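A short worksheet on the structure shown next.
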Amino acid sequence: MARLPILMYHNVSEANGLAKGLTISESKLEDQFRYLKDKGFTTYHLAELENLSSISGKSVVITFDDVTVNQLHYAVPLLKKYELKATFFIPFQYIGKTDLWNEGKEAIMTTEMLQNLDGTIELGFHSYAHQKYANMSAEEIRLDFQKCNQSISRSHLKVFAALAYPYGNFPKKEPEKSQFKSLLKEQQIKMGLRIGNRINRFPFKDPYEINRIDVKGEDSMLQFKLKLHLGKLRLF
């Protein structure tokens, strides 16, 4: 089985801007993308993985949560520059608004912006209301998906059935965990992404517990390389 790290990003600031927590600077992001390109990593969309039984030796999936406008300004040009693919996860309720589940300071892409993204970017689900699934009933989750699908239909977006769990949160104990996964199957979700900070083995053992590696704004280049190759590091 091949190793497959999946990187998780959020906000991107200007070149010499804030680099802390969920926000990475444009210059740091470029250094990381350049490294992936120079070292010969192959990037995949999640939809491509659905029909693959094997992948190249150096493979990675790049993901961005929340479809903030700053990603459009800073991340998308870098993805094109280094010929890398990425998956952007949409919290549908907030399209054209701000990240109101936080402090509401970051603008979210409009429908038109999302429609104009080219083939470099794959779109996925990040729920409708950006709530923790572990705190929601089955009916609340079904309604959340219904609203997602209505938004997709209205906006004529092409969205792959991969779901990034808001906050990486989902039920961890039985029987709630199994019930949650059954509900995802019912909603025809093909992949569910947690955090976990571990390297995946591909093909995925459990398509609803796919791990992502949380890239922090303050990570040094050495820390990025170690996370990419090793996943979770206790010394951080």
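Going by the structure tokens order, chains are called A, B, ..., each with residues numbered from 1, while ligands are numbered from 1 in the order shown.
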Give me the residues within 12 Å of Leu222 in chain A as a PyMOL selection string, counting only C-alpha atoms and dropping any in the same chain fewer than 6 places off.
-> chain A and resi 28+31-32+35+228-230+236
Might you pull out every residue within 12 Å of range 201-208 of chain A, with only C-alpha atoms counted and same-chain residues fewer than 5 positions away left off, and present them as a PyMOL selection string?
-> chain A and resi 1-6+46+49-57+59-61+161-165+168-172+177-178+180-185+188-195
Please provide as a PDB file with C-alpha atoms, in the first residue's frame all residues within 12 Å of Ser155 in chain A, with the sequence filter that same-chain residues fewer than 5 positions apart are discarded (counting only C-alpha atoms).
ATOM      1  CA  PHE A  92     -22.435  26.381   1.685  1.00  0.00           C
ATOM      2  CA  ILE A  95     -21.037  31.542   0.216  1.00  0.00           C
ATOM      3  CA  GLY A  96     -20.677  35.262  -0.530  1.00  0.00           C
ATOM      4  CA  THR A 110     -19.112  34.203  -4.038  1.00  0.00           C
ATOM      5  CA  THR A 111     -20.929  31.760  -6.315  1.00  0.00           C
ATOM      6  CA  GLU A 112     -19.408  33.497  -9.338  1.00  0.00           C
ATOM      7  CA  MET A 113     -15.893  33.142  -7.926  1.00  0.00           C
ATOM      8  CA  LEU A 114     -16.447  29.432  -7.334  1.00  0.00           C
ATOM      9  CA  GLN A 115     -17.895  28.960 -10.801  1.00  0.00           C
ATOM     10  CA  ASN A 116     -14.836  30.620 -12.353  1.00  0.00           C
ATOM     11  CA  CYS A 148     -25.989  21.705   0.728  1.00  0.00           C
ATOM     12  CA  ASN A 149     -27.517  19.952  -2.255  1.00  0.00           C
ATOM     13  CA  GLN A 150     -30.049  22.723  -2.794  1.00  0.00           C
TER      14      GLN A 150
END
Any idea what the distance is between CA of Thr42 in chain A and CA of Leu84 in chain A?
->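 Separation between CA of Thr42 in chain A and CA of Leu84 in chain A: 7.9 Å.
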When DSSP works through the backbone of this structure, what residues of chain A end up as helix (DSSP H, G or I), shown as a PyMOL selection string?
-> chain A and resi 26-38+46-49+69-81+92-94+111-115+133-135+138-155+166-168+176-186+221-230
Mind checking DSSP for range 25-99 of chain A and telling me the strand (DSSP E) residues as a list in words?
->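 Written out, the strand (DSSP E) residues of range 25-99 of chain A are Ser25, Thr42, Thr43, Ser59, Val60, Val61, Ile62, Thr63, Phe64, Asp65, Ala86, Thr87, Phe88, Phe89 and Ile90 of chain A.
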